[in-house]
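**Student:** This is upload.tsv (TSV, C-alpha atoms).
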```tsv
chain	number	residue	atom	x	y	z
V	249	MET	CA	6.50	35.34	39.74
V	250	PRO	CA	5.76	38.37	37.56
V	251	THR	CA	8.31	39.35	34.94
V	252	LEU	CA	10.40	42.44	35.57
V	253	LEU	CA	8.38	44.37	32.99
V	254	GLU	CA	5.10	43.29	34.64
V	255	LEU	CA	6.44	44.40	38.03
V	256	LEU	CA	7.42	47.79	36.61
V	257	ASP	CA	4.12	48.18	34.71
V	258	ALA	CA	2.19	47.63	37.96
V	259	HIS	CA	4.17	50.31	39.83
V	260	LEU	CA	2.73	53.80	40.29
V	261	ALA	CA	5.29	56.58	40.53
V	262	ALA	CA	4.92	59.02	43.42
V	263	ASP	CA	6.32	62.07	41.64
V	264	ALA	CA	7.71	63.32	38.32
V	265	ALA	CA	11.28	62.25	39.14
V	266	GLU	CA	10.21	58.70	39.94
V	267	LEU	CA	8.06	58.61	36.80
V	268	ARG	CA	11.11	59.54	34.65
V	269	ASP	CA	13.12	56.79	36.34
V	270	LEU	CA	10.27	54.28	36.00
V	271	GLU	CA	10.10	54.92	32.25
V	272	ARG	CA	13.87	54.43	32.01
V	273	LEU	CA	13.63	51.13	33.89
V	274	ARG	CA	10.77	50.00	31.64
V	275	ARG	CA	12.82	50.72	28.51
V	276	ALA	CA	15.78	48.79	29.96
V	277	ALA	CA	13.54	45.87	30.99
V	278	ALA	CA	12.19	45.67	27.44
V	279	ARG	CA	15.80	45.23	26.24
V	280	VAL	CA	16.96	42.96	29.11
V	281	PRO	CA	13.87	41.15	30.46
V	282	VAL	CA	15.87	39.00	32.94
V	283	PRO	CA	18.51	41.01	34.82
V	284	ALA	CA	21.48	38.76	35.42
V	285	THR	CA	24.73	40.68	35.38
V	286	ARG	CA	26.47	43.70	36.81
V	287	ARG	CA	28.60	43.95	33.67
V	288	ASP	CA	25.90	45.56	31.51
V	289	PHE	CA	27.21	49.09	30.98
V	290	PRO	CA	26.32	51.90	31.00
V	291	GLU	CA	23.41	50.69	33.17
V	292	HIS	CA	22.17	47.59	34.95
V	293	PHE	CA	19.46	46.51	37.37
V	294	THR	CA	19.90	46.26	41.13
V	295	GLY	CA	17.56	45.27	43.95
V	296	SER	CA	17.42	46.92	47.36
V	297	ALA	CA	15.46	46.51	50.57
V	298	VAL	CA	14.03	49.00	53.00
V	299	VAL	CA	14.38	46.84	56.12
V	300	VAL	CA	11.84	47.72	58.83
V	301	ASP	CA	11.64	46.15	62.28
V	302	GLU	CA	8.65	44.05	63.32
V	303	THR	CA	6.97	47.01	65.03
V	304	GLY	CA	7.18	49.22	61.95
V	305	GLU	CA	8.86	51.94	64.02
V	306	ARG	CA	12.51	51.59	62.95
V	307	VAL	CA	14.42	51.19	59.71
V	308	CYS	CA	17.90	49.73	59.22
V	309	LEU	CA	20.46	51.76	57.28
V	310	LEU	CA	24.06	50.90	56.42
V	311	LEU	CA	27.04	53.22	56.13
V	312	HIS	CA	28.08	52.12	52.64
V	313	ALA	CA	31.82	51.36	52.51
V	314	LYS	CA	32.49	52.67	49.00
V	315	LEU	CA	30.03	55.54	48.79
V	316	GLN	CA	30.36	56.72	52.43
V	317	ARG	CA	26.61	57.34	52.66
V	318	TRP	CA	23.84	55.90	54.82
V	319	LEU	CA	21.77	53.70	52.50
V	320	GLN	CA	19.39	50.77	52.46
V	321	PRO	CA	20.86	47.29	51.82
V	322	GLY	CA	20.97	46.28	48.20
V	323	GLY	CA	23.08	45.18	45.31
V	324	HIS	CA	23.47	43.31	42.09
V	325	CYS	CA	21.47	40.37	40.82
V	326	GLU	CA	23.32	37.06	41.06
V	327	ALA	CA	22.68	33.75	39.34
V	328	GLN	CA	20.90	32.24	42.38
V	329	ASP	CA	18.34	35.08	42.23
V	330	GLY	CA	17.04	33.79	38.90
V	331	GLY	CA	16.49	37.32	37.61
V	332	ASP	CA	14.00	38.07	40.42
V	333	LEU	CA	14.96	41.42	41.93
V	334	SER	CA	12.85	40.79	45.05
V	335	ARG	CA	15.11	37.78	45.71
V	336	THR	CA	18.11	40.01	45.12
V	337	ALA	CA	16.79	42.53	47.67
V	338	LEU	CA	16.12	39.81	50.27
V	339	ARG	CA	19.51	38.15	49.76
V	340	GLU	CA	21.35	41.45	50.00
V	341	ALA	CA	19.40	42.44	53.13
V	342	ARG	CA	20.32	39.14	54.81
V	343	GLU	CA	23.96	39.36	53.76
V	344	GLU	CA	24.42	43.00	54.70
V	345	THR	CA	22.47	43.10	57.98
V	346	GLY	CA	22.57	39.55	59.35
V	347	LEU	CA	18.80	39.73	59.85
V	348	GLU	CA	16.15	37.25	58.80
V	349	VAL	CA	13.81	39.17	56.51
V	350	ALA	CA	10.64	38.66	54.50
V	351	LEU	CA	8.95	40.72	51.81
V	352	ALA	CA	6.25	42.95	53.27
V	353	SER	CA	4.79	43.12	49.75
V	354	ALA	CA	5.65	41.54	46.41
V	355	ALA	CA	4.99	44.91	44.78
V	356	LEU	CA	7.71	47.47	44.22
V	357	LEU	CA	7.99	50.17	46.86
V	358	ASP	CA	10.03	52.58	44.74
V	359	VAL	CA	12.31	52.79	41.72
V	360	ASP	CA	15.35	54.96	41.18
V	361	ALA	CA	18.05	55.40	38.55
V	362	HIS	CA	21.26	56.75	40.06
V	363	VAL	CA	24.84	57.17	38.90
V	364	ILE	CA	27.64	55.16	40.50
V	365	PRO	CA	31.06	56.84	40.22
V	366	ALA	CA	33.86	55.14	38.30
V	367	ARG	CA	36.26	52.92	40.21
V	368	LYS	CA	39.49	51.34	39.04
V	369	ASP	CA	37.71	48.19	37.82
V	370	GLU	CA	34.42	49.71	36.57
V	371	PRO	CA	33.47	52.79	34.55
V	372	GLU	CA	30.86	55.22	35.79
V	373	HIS	CA	27.47	53.60	35.31
V	374	THR	CA	23.85	53.80	36.37
V	375	HIS	CA	22.02	51.50	38.77
V	376	LEU	CA	18.41	50.89	37.84
V	377	ASP	CA	17.25	50.13	41.37
V	378	CYS	CA	14.07	48.23	42.18
V	379	ARG	CA	13.28	48.83	45.85
V	380	PHE	CA	11.17	46.56	48.06
V	381	LEU	CA	9.69	46.94	51.54
V	382	VAL	CA	11.09	44.20	53.76
V	383	ARG	CA	10.23	43.25	57.32
V	384	ALA	CA	12.80	41.91	59.77
V	385	VAL	CA	11.48	38.72	61.34
V	386	GLY	CA	14.39	37.78	63.58
V	387	GLY	CA	18.10	37.68	64.01
V	388	ALA	CA	20.60	40.11	65.43
V	389	LEU	CA	21.77	43.12	63.46
V	390	ALA	CA	25.33	42.54	62.21
V	391	HIS	CA	26.83	44.25	59.17
V	392	ASP	CA	29.24	42.81	56.62
V	393	PRO	CA	32.46	44.87	57.01
V	394	LEU	CA	33.30	44.35	53.33
V	395	GLU	CA	30.08	46.13	52.36
V	396	ALA	CA	29.49	48.65	55.13
V	397	HIS	CA	31.26	50.50	57.92
V	398	GLY	CA	28.22	50.13	60.13
V	399	ALA	CA	24.57	49.23	60.34
V	400	LYS	CA	22.01	50.57	62.76
V	401	TRP	CA	18.35	50.78	63.55
V	402	LEU	CA	17.03	54.32	63.25
V	403	SER	CA	13.71	55.95	63.95
V	404	TRP	CA	12.00	57.22	60.82
V	405	ASP	CA	12.96	60.80	61.67
V	406	GLU	CA	16.60	59.80	62.20
V	407	ALA	CA	16.66	57.89	58.90
V	408	LEU	CA	15.13	60.83	57.05
V	409	ALA	CA	17.79	63.09	58.57
V	410	HIS	CA	20.45	60.81	56.99
V	411	ALA	CA	18.69	60.87	53.60
V	412	ASP	CA	20.86	63.10	51.44
V	413	GLU	CA	18.82	63.05	48.24
V	414	PRO	CA	15.16	63.45	47.27
V	415	ALA	CA	14.77	59.87	45.96
V	416	MET	CA	15.88	58.42	49.29
V	417	ARG	CA	13.54	60.72	51.23
V	418	ARG	CA	10.67	59.70	48.94
V	419	MET	CA	11.46	55.98	49.40
V	420	LEU	CA	11.67	56.30	53.21
V	421	ALA	CA	8.45	58.32	53.38
V	422	LYS	CA	6.61	55.64	51.40
V	423	ALA	CA	8.03	52.88	53.61
V	424	ARG	CA	7.09	54.72	56.81
V	425	ALA	CA	3.51	55.25	55.62
V	426	LEU	CA	3.11	51.55	54.82
V	427	ALA	CA	4.86	50.29	57.96
V	428	ARG	CA	2.65	52.43	60.17
V	429	GLN	CA	-0.34	50.48	58.83
V	430	TRP	CA	1.06	47.15	60.06
V	431	PRO	CA	-0.64	45.48	63.00
V	432	ARG	CA	1.35	46.20	66.16
V	433	THR	CA	3.21	43.35	67.78
V	434	GLN	CA	3.27	42.94	71.57
```
Please, can you express the file's structure as structure tokens?
**Tutor:**
Amino acid sequence: MPTLLELLDAHLAADAAELRDLERLRRAAARVPVPATRRDFPEHFTGSAVVVDETGERVCLLLHAKLQRWLQPGGHCEAQDGGDLSRTALREAREETGLEVALASAALLDVDAHVIPARKDEPEHTHLDCRFLVRAVGGALAHDPLEAHGAKWLSWDEALAHADEPAMRRMLAKARALARQWPRTQ
């Protein structure tokens, strides 16, 4: 398993915005080489998954309960993840969608630093999100009502229509390009 810094050093940013975020994540990883807590303020690492069906034609998005936005599954690193953000992404994808999933690649798909608004129990802070391409390999789609108000399979065009920020559009465009290269299942 590569270290977080090795994973980030191997990633190539797609645009200037992602490059700025990548440099921010690298600086944070140099300070905190093993992400293990959501209580590191003003920023901490998260892992998320772009979950694509076996055909590569659909992506699963969740209507996030707290943010009221359609997003990919993801969340905070927990002790059982051992500081491995790809494990975090897989665990969160399973928990939030009910699907069995597997990494499509061990490499990062995308990185993004984004602000999370303050809530009664947490101040405003920044998620340093490491995003992975994940393939659904079975199971029925079922969302966790504590995390999301809904989950659904969308075509790439439908998912892009729900993308309300440039970083999400960039991430989905990268995922679509890679998924379209997958061998087609019968």
**Student:** List as an MDAnalysis selection string the residues having at least one atom at most 12 Å from position (24.6, 48.9, 35.5) as given in the file, counting all atoms listed in the file.
**Tutor:** chainID V and resid 273 276 280 283:295 323:325 361:366 370:377
**Student:** Which residue out of V:Leu351, V:Val298, V:Val359, V:Met249 has the minimum interatomic distance to V:Glu266 when only C-alpha atoms are used?
**Tutor:**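 So, comparing all the options, the nearest one is V:Val359.
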**Student:** Separation of atom CA of V:Leu389 and atom CA of V:Arg367, in Å?
**Tutor:**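 If I compute the distance from atom CA of V:Leu389 to atom CA of V:Arg367, I get 29.1 Å.
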**Student:** Which residue is closest to V:His312? Choose from V:His391, V:Arg383, V:Arg428, V:Arg417 and count all atoms listed in the file.
**Tutor:**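 So, comparing all the options, the nearest one is V:His391.
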**Student:** Ranking V:Ala355, V:Trp404, V:Ala297, V:Glu348 by minimum distance to V:Ala425 and counting all atoms listed in the file, which one comes first?
**Tutor:**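 Checking each of V:Ala355, V:Trp404, V:Ala297, V:Glu348 against V:Ala425, counting all atoms listed in the file, the winner is V:Trp404.
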**Student:** Taking (11.8, 52.8, 32.2) in the file's coordinates, which residues come within 10 Å, counting only C-alpha atoms, written as a list in words?
**Tutor:**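 Using only C-alpha atoms, the matching residues come out as Leu253, Leu256, Asp257, Glu266, Leu267, Arg268, Asp269, Leu270, Glu271, Arg272, Leu273, Arg274, Arg275, Ala276, Ala277, Ala278, Val359, Asp360, Ala361 and Leu376 of chain V.
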**Student:** Any idea what's packed within 12 Å of V:Gln320, counting all atoms listed in the file, ignoring anything in its chain fewer than 6 positions away? Could you give it as a VMD selection string?
**Tutor:** chain V and resid 295 to 300 307 to 312 337 to 338 340 to 342 344 to 345 377 to 382 391 395 to 396 398 to 402 407 to 408 410 to 411 416 to 417 419 to 420 423
**Student:** In Å to one decimal, how far is atom CA of V:Ala354 from atom CA of V:Pro431?
**Tutor:**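 Computing the Euclidean distance for atom CA of V:Pro431 and atom CA of V:Ala354 yields 18.2 Å.
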**Student:** With distances taken over only C-alpha atoms, which residue among V:Asp358, V:Ala350, V:Ala264, V:Thr251 lies nearest V:Gly330?
**Tutor:** V:Thr251
**Student:** Check the smallest atom-to-atom distance from each of V:Leu315, V:Leu357, V:Asp332, V:Leu347 to V:Lys422 using only C-alpha atoms, then report the winner.
**Tutor:**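 Residue with the minimum atom-to-atom distance to V:Lys422: V:Leu357.
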**Student:** In Å to one decimal, how far is atom CA of V:Gly386 from atom CA of V:Ala421?
**Tutor:** 23.7 Å
**Student:** Hey, which of V:Arg339, V:Arg279, V:Arg306, V:His397 ends up closest to V:Trp318? Count all atoms listed in the file.
**Tutor:**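 The shortest atom-to-atom distance to V:Trp318 comes from V:His397.
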